[in-house]
Amino acid sequence: MDAQERTALIAAYEAGPAEVDKALTDIGREAFDRRPADGSWSAREIVHHLADSEMRSAIRLRRLLTEDNPVILGYDEAGYASAFRYADRAMEPALAAFRASRSTTSQILHQLDDAAFARTGTHSESGSYGVEHWLRIYATHAHEHADQIRRAGAGE
C-alpha cells in the first residue's frame with residue numbers, strides 16, 4: 001500500500017460516520033425499525049452493529065500495533081444482535097460510541113509510519129491479518145452499512 005492509497009483509505013474511514021448519519025437522515029426516523037424484505041437487520045440494528053464492530057475493530061488495531069503477532073478473534077455478529085437486543089435499544093448512544101471510536105482511532109492512523117502499517121497478526125477465522133488489511137476493511141465498512149441502512153429504510 002502506498003502513501004496515496006493509505007491517505008485515501010484513512011479519509012474514507014473518517015467519512016464513515018457522516019455517511020451513516022446521512023443514510024439515517026435519508027430514510028427518516030419512521031423507517032429506523034423497518035425490516036428489509038429478506039428479513040435482515042433494520043437501520044436501528046445496523047447502528048448497534050456498527051458501534052460494537054467499531055469498538056472491537058479499534059481494539060484489534062491497537063493489539064496489532066502493540067503486540068507481536070497477536071491472535072485477532074472473530075465474533076458472532078448475530079449473537080451480539082440477539083444478546084444485546086439491538087432491536088429494542090435506543091440508537092443515539094450507539095451512534096455516539098461509533099463516532100468516538102472512529103475519532104480516536106483516526107488520530108492513531110494519522111501517526112503511523114510504514115513500519116506500523118506493516119505489522120501483522122493472525123485472525124482466528126481468516127488467517128494472516130495486518131494493519132493494512134484492517135484499514136482496507138474498515139475504510140469501507142461504515143459506507144457499506146450506510147447503503148444497507150438505505151435499503152432497509154426502503155424495505156428492499
# chains A, B, ... in the order shown; residues from 1 in each chain; ligands from 1
call {"tool": "residues_around", "arguments": {"residues": "region 80-86 of chain A", "least_positions_apart": "6", "cutoff": "12 Å", "atoms": "only C-alpha atoms", "output": "list in words"}}
result
Phe32, Asp33, Ser40, Trp41, Ser42, Ala43, Arg44, Glu45, Ile46, Val47, His48, His49, Leu50, Ala51, Asp52, Ser53, Arg56, Pro93 and Ala94 of chain A
call {"tool": "select_by_dssp", "arguments": {"residues": "region 28-91 of chain A", "states": "alpha helix (DSSP H)", "output": "ChimeraX atom specification"}}
result
/A:43-66,77-83
call {"tool": "select_by_dssp", "arguments": {"residues": "chain A", "states": "strand (DSSP E)", "output": "list in words"}}
result
Val71, Ile72, Thr120, Gly121, Thr122, His123, Gly127, Ser128, Tyr129 and Gly130 of chain A
call {"tool": "write_last_selection", "arguments": {"atoms": "N, CA and C atoms", "output": "JSON list (two decimals), in the first residue's frame"}}
result
[["chain", "number", "residue", "atom", "x", "y", "z"],
["A", 71, "VAL", "N", -3.21, -12.84, 18.09],
["A", 71, "VAL", "CA", -4.33, -13.57, 17.52],
["A", 71, "VAL", "C", -5.56, -12.67, 17.67],
["A", 72, "ILE", "N", -6.13, -12.31, 16.54],
["A", 72, "ILE", "CA", -7.31, -11.45, 16.49],
["A", 72, "ILE", "C", -8.53, -12.35, 16.38],
["A", 120, "THR", "N", 1.62, -7.27, 11.54],
["A", 120, "THR", "CA", 0.62, -8.30, 11.27],
["A", 120, "THR", "C", 0.36, -9.17, 12.50],
["A", 121, "GLY", "N", -0.74, -9.88, 12.40],
["A", 121, "GLY", "CA", -1.12, -10.88, 13.37],
["A", 121, "GLY", "C", -1.84, -11.98, 12.63],
["A", 122, "THR", "N", -2.65, -12.74, 13.35],
["A", 122, "THR", "CA", -3.41, -13.83, 12.74],
["A", 122, "THR", "C", -4.86, -13.72, 13.20],
["A", 123, "HIS", "N", -5.77, -13.71, 12.23],
["A", 123, "HIS", "CA", -7.19, -13.68, 12.55],
["A", 123, "HIS", "C", -7.65, -15.12, 12.75],
["A", 127, "GLY", "N", -7.01, -16.14, 8.98],
["A", 127, "GLY", "CA", -5.56, -16.27, 8.82],
["A", 127, "GLY", "C", -4.82, -14.95, 8.95],
["A", 128, "SER", "N", -3.83, -14.75, 8.12],
["A", 128, "SER", "CA", -2.98, -13.56, 8.21],
["A", 128, "SER", "C", -3.82, -12.29, 8.18],
["A", 129, "TYR", "N", -3.48, -11.37, 9.09],
["A", 129, "TYR", "CA", -4.30, -10.17, 9.28],
["A", 129, "TYR", "C", -3.39, -9.06, 9.76],
["A", 130, "GLY", "N", -3.25, -8.02, 8.97],
["A", 130, "GLY", "CA", -2.35, -6.95, 9.33],
["A", 130, "GLY", "C", -3.04, -5.59, 9.35]]
call {"tool": "residues_around", "arguments": {"residues": "region 134-144 of chain A", "least_positions_apart": "4", "cutoff": "7 Å", "atoms": "only C-alpha atoms", "output": "list in words"}}
result
Leu9, Ile10, Ala12, Tyr13, Gly16, Pro17, Glu19, Val20, Gly130 and Gln148 of chain A
call {"tool": "atom_distance", "arguments": {"atom1": "CA of Leu64 (chain A)", "atom2": "CA of Gln111 (chain A)"}}
result
14.7 Å
call {"tool": "closest_residue", "arguments": {"among": "A:Arg151, A:Arg119, A:Arg29, A:Arg35", "to": "Pro70 (chain A)", "atoms": "only C-alpha atoms"}}
result
A:Arg119
call {"tool": "closest_residue", "arguments": {"among": "A:Met55, A:Ala8, A:Ala37, A:Ala23", "to": "Ala96 (chain A)", "atoms": "only C-alpha atoms"}}
result
A:Met55
call {"tool": "residues_around", "arguments": {"residues": "Ile108 (chain A)", "least_positions_apart": "5", "cutoff": "12 Å", "atoms": "only C-alpha atoms", "output": "ChimeraX atom specification"}}
result
/A:10,14,58-59,61-62,65,101-103,113,116-117,131,135
call {"tool": "atom_distance", "arguments": {"atom1": "CA of Ala87 (chain A)", "atom2": "CA of Ala15 (chain A)"}}
result
25.4 Å
call {"tool": "atom_distance", "arguments": {"atom1": "CA of Thr25 (chain A)", "atom2": "CA of Ala152 (chain A)"}}
result
13.0 Å
